[in-house]
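Undergrad: Please find one structure pasted underneath; my questions will follow.
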Amino acid sequence: LYFGLMLTKDGPKVIEYNCRFGDPETQVVLPLLESDLLTIMRACASGTLSAEQVVFRRGAACCVILASDGYPGKYEKGYEITVPAGLDAVVYHAGSALKDGRLVTAGGRVLGVTAAAPRLTAAITQAYAAAEKISFEKLHKRTDIGMRALKAIAEQ
């Protein structure tokens, strides 16, 4: 289940409600899941989910999308992507492809870089640190992911 929320001066408001495994919403939830995802999916399909214990670890996660410049409008494809080994994050591939043995951009939302940590501040810092190590021509990323949540926490 996914709730799309918008923070307003009157507090959070639900703007959409989805029952799907979309991205980047799922990309930020899965790193916190301790239960086996296949077991959960099988239980959903067989109608036995109430017999399963779905466990999430404490903490927070942050997903930074690396997009092709111009997305969601027109963007170019085919730029080589460099993803170094040993990142302290999970890298989800969305708009990438293998072409002649090289990893290249193939869509608007190219990669989702997700980090999980005990606190939101650490998850944000780790996600952006990992995202900075990944490169491709005409890469675009937002720099404000999680900032409103941090501000709301600080105001409490």
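Ordered as shown in the structure tokens, chains take letters A, B, and onward, while each chain numbers its residues from 1 and ligands are numbered from 1 in the order shown.
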Each residue of segment 126-149 of chain A lying at most 7 Å from segment 97-116 of chain A should get a row with its shortest atom-to-atom pair and the distance in Å to one decimal, counting only C-alpha atoms; could you produce that, ordered by chain and increasing number, as a tab-separated table?
TA:
```
residue	atom	partner	partner_atom	distance
A:Gln126	CA	A:Ala115	CA	5.8
A:Ala127	CA	A:Ala115	CA	4.8
A:Ala131	CA	A:Val113	CA	6.1
```
Undergrad: Quick one: residues within 12 Å of Gly11 of chain A, only C-alpha atoms, excluding same-chain residues fewer than 6 positions away - as a list in words?
TA: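 Neighbouring residues, sequence-local ones excluded: Leu5, Ala149 and Ala152 of chain A.
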Undergrad: Contacts of Glu34 of chain A at 9 Å or less, counting only C-alpha atoms, minus same-chain residues fewer than 3 places along, as a count of residues only?
TA: 7
Undergrad: Using Å and a single decimal, report how far atom CA of Asp23 of chain A sits from atom CA of Glu155 of chain A.
TA: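 Calculated distance between atom CA of Glu155 of chain A and atom CA of Asp23 of chain A is 28.9 Å.
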Undergrad: Show me, as a compact mmCIF listing (two decimals) with N, CA and C atoms, in the first residue's frame, the residues that have an atom within 10 Å of segment 14-18 of chain A when counting only C-alpha atoms, minus same-chain residues fewer than 2 positions from it.
TA:
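The file below, part.txt, is the result:
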```txt
# COMPACT_ATOMS: atom_id res chain seq x y z
N LEU A 1 0.84 -1.18 0.00
CA LEU A 1 0.00 0.00 0.00
C LEU A 1 0.88 1.23 0.00
N TYR A 2 0.47 2.22 -0.74
CA TYR A 2 1.27 3.44 -0.85
C TYR A 2 0.34 4.64 -0.75
N PHE A 3 0.67 5.52 0.15
CA PHE A 3 -0.05 6.78 0.28
C PHE A 3 0.84 7.88 -0.26
N GLY A 4 0.34 8.66 -1.20
CA GLY A 4 1.05 9.84 -1.66
C GLY A 4 0.61 10.99 -0.77
N LEU A 5 1.53 11.56 -0.05
CA LEU A 5 1.23 12.63 0.90
C LEU A 5 1.80 13.95 0.43
N MET A 6 1.12 15.03 0.75
CA MET A 6 1.63 16.37 0.50
C MET A 6 1.59 17.10 1.84
N LEU A 7 2.71 17.68 2.20
CA LEU A 7 2.76 18.46 3.43
C LEU A 7 2.20 19.85 3.14
N PRO A 12 -0.14 17.09 6.98
CA PRO A 12 -0.08 16.21 5.80
C PRO A 12 -1.47 15.90 5.26
N ARG A 20 0.29 -1.02 -5.10
CA ARG A 20 1.18 -1.49 -6.16
C ARG A 20 2.61 -1.46 -5.66
N PHE A 21 3.48 -2.05 -6.43
CA PHE A 21 4.90 -2.02 -6.14
C PHE A 21 5.54 -1.03 -7.09
N GLY A 22 5.30 0.24 -6.88
CA GLY A 22 5.84 1.27 -7.76
C GLY A 22 7.22 1.71 -7.34
```
Undergrad: Rank A:Pro84, A:Gly47, A:Pro24, A:Gly59 by their smallest atom-to-atom distance to Thr121 of chain A, using only C-alpha atoms, and report the top residue only.
TA: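 Of the candidates, the smallest distance to Thr121 of chain A is held by A:Gly59.
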Undergrad: Please determine, counting only C-alpha atoms, which residue among A:Arg119, A:Lys141, A:Tyr79, A:Glu25 has the shortest atom-to-atom distance to Ile153 of chain A.
TA: A:Arg119
Undergrad: I need the residues of segment 20-113 of chain A that end up classed as alpha helix (DSSP H) by DSSP on the backbone, written out as number ranges by chain.
TA: A: 25-29, 37-46
Undergrad: With N, CA and C atoms kept, could you save the residues just selected as a PDB file, in the first residue's frame?
TA:
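Generated file (out03.pdb):
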```pdb
ATOM      1  N   GLU A  25       8.738   4.528  -4.616  1.00  0.00           N
ATOM      2  CA  GLU A  25       8.155   4.230  -3.300  1.00  0.00           C
ATOM      3  C   GLU A  25       8.632   2.895  -2.738  1.00  0.00           C
ATOM      4  N   THR A  26       8.579   1.856  -3.546  1.00  0.00           N
ATOM      5  CA  THR A  26       8.994   0.533  -3.092  1.00  0.00           C
ATOM      6  C   THR A  26      10.488   0.487  -2.824  1.00  0.00           C
ATOM      7  N   GLN A  27      11.247   1.229  -3.609  1.00  0.00           N
ATOM      8  CA  GLN A  27      12.704   1.214  -3.466  1.00  0.00           C
ATOM      9  C   GLN A  27      13.146   1.721  -2.103  1.00  0.00           C
ATOM     10  N   VAL A  28      12.329   2.527  -1.472  1.00  0.00           N
ATOM     11  CA  VAL A  28      12.694   3.059  -0.162  1.00  0.00           C
ATOM     12  C   VAL A  28      12.141   2.190   0.976  1.00  0.00           C
ATOM     13  N   VAL A  29      11.164   1.339   0.669  1.00  0.00           N
ATOM     14  CA  VAL A  29      10.573   0.474   1.692  1.00  0.00           C
ATOM     15  C   VAL A  29      11.321  -0.855   1.803  1.00  0.00           C
ATOM     16  N   LEU A  37      10.430 -11.446   1.316  1.00  0.00           N
ATOM     17  CA  LEU A  37       9.462 -10.870   0.387  1.00  0.00           C
ATOM     18  C   LEU A  37       8.698 -11.952  -0.376  1.00  0.00           C
ATOM     19  N   LEU A  38       9.366 -13.013  -0.797  1.00  0.00           N
ATOM     20  CA  LEU A  38       8.690 -14.071  -1.540  1.00  0.00           C
ATOM     21  C   LEU A  38       7.618 -14.742  -0.677  1.00  0.00           C
ATOM     22  N   THR A  39       7.921 -14.968   0.582  1.00  0.00           N
ATOM     23  CA  THR A  39       6.938 -15.555   1.502  1.00  0.00           C
ATOM     24  C   THR A  39       5.719 -14.651   1.622  1.00  0.00           C
ATOM     25  N   ILE A  40       5.950 -13.358   1.729  1.00  0.00           N
ATOM     26  CA  ILE A  40       4.848 -12.394   1.843  1.00  0.00           C
ATOM     27  C   ILE A  40       4.007 -12.405   0.564  1.00  0.00           C
ATOM     28  N   MET A  41       4.662 -12.388  -0.594  1.00  0.00           N
ATOM     29  CA  MET A  41       3.937 -12.379  -1.868  1.00  0.00           C
ATOM     30  C   MET A  41       3.107 -13.649  -2.039  1.00  0.00           C
ATOM     31  N   ARG A  42       3.694 -14.793  -1.708  1.00  0.00           N
ATOM     32  CA  ARG A  42       2.943 -16.057  -1.806  1.00  0.00           C
ATOM     33  C   ARG A  42       1.736 -16.032  -0.871  1.00  0.00           C
ATOM     34  N   ALA A  43       1.917 -15.497   0.330  1.00  0.00           N
ATOM     35  CA  ALA A  43       0.806 -15.411   1.283  1.00  0.00           C
ATOM     36  C   ALA A  43      -0.292 -14.478   0.759  1.00  0.00           C
ATOM     37  N   CYS A  44       0.108 -13.387   0.115  1.00  0.00           N
ATOM     38  CA  CYS A  44      -0.888 -12.480  -0.488  1.00  0.00           C
ATOM     39  C   CYS A  44      -1.672 -13.211  -1.572  1.00  0.00           C
ATOM     40  N   ALA A  45      -0.962 -13.937  -2.425  1.00  0.00           N
ATOM     41  CA  ALA A  45      -1.613 -14.630  -3.534  1.00  0.00           C
ATOM     42  C   ALA A  45      -2.537 -15.742  -3.062  1.00  0.00           C
ATOM     43  N   SER A  46      -2.192 -16.383  -1.945  1.00  0.00           N
ATOM     44  CA  SER A  46      -3.012 -17.500  -1.453  1.00  0.00           C
ATOM     45  C   SER A  46      -4.039 -17.071  -0.412  1.00  0.00           C
TER      46      SER A  46
END
```
Undergrad: Run DSSP on the backbone and tell me which residues of chain A come out as strand (DSSP E); list them as an MDAnalysis selection string.
TA: chainID A and resid 2:8 11:18 60:68 90:93 96:99 102:105 109:117 139:140
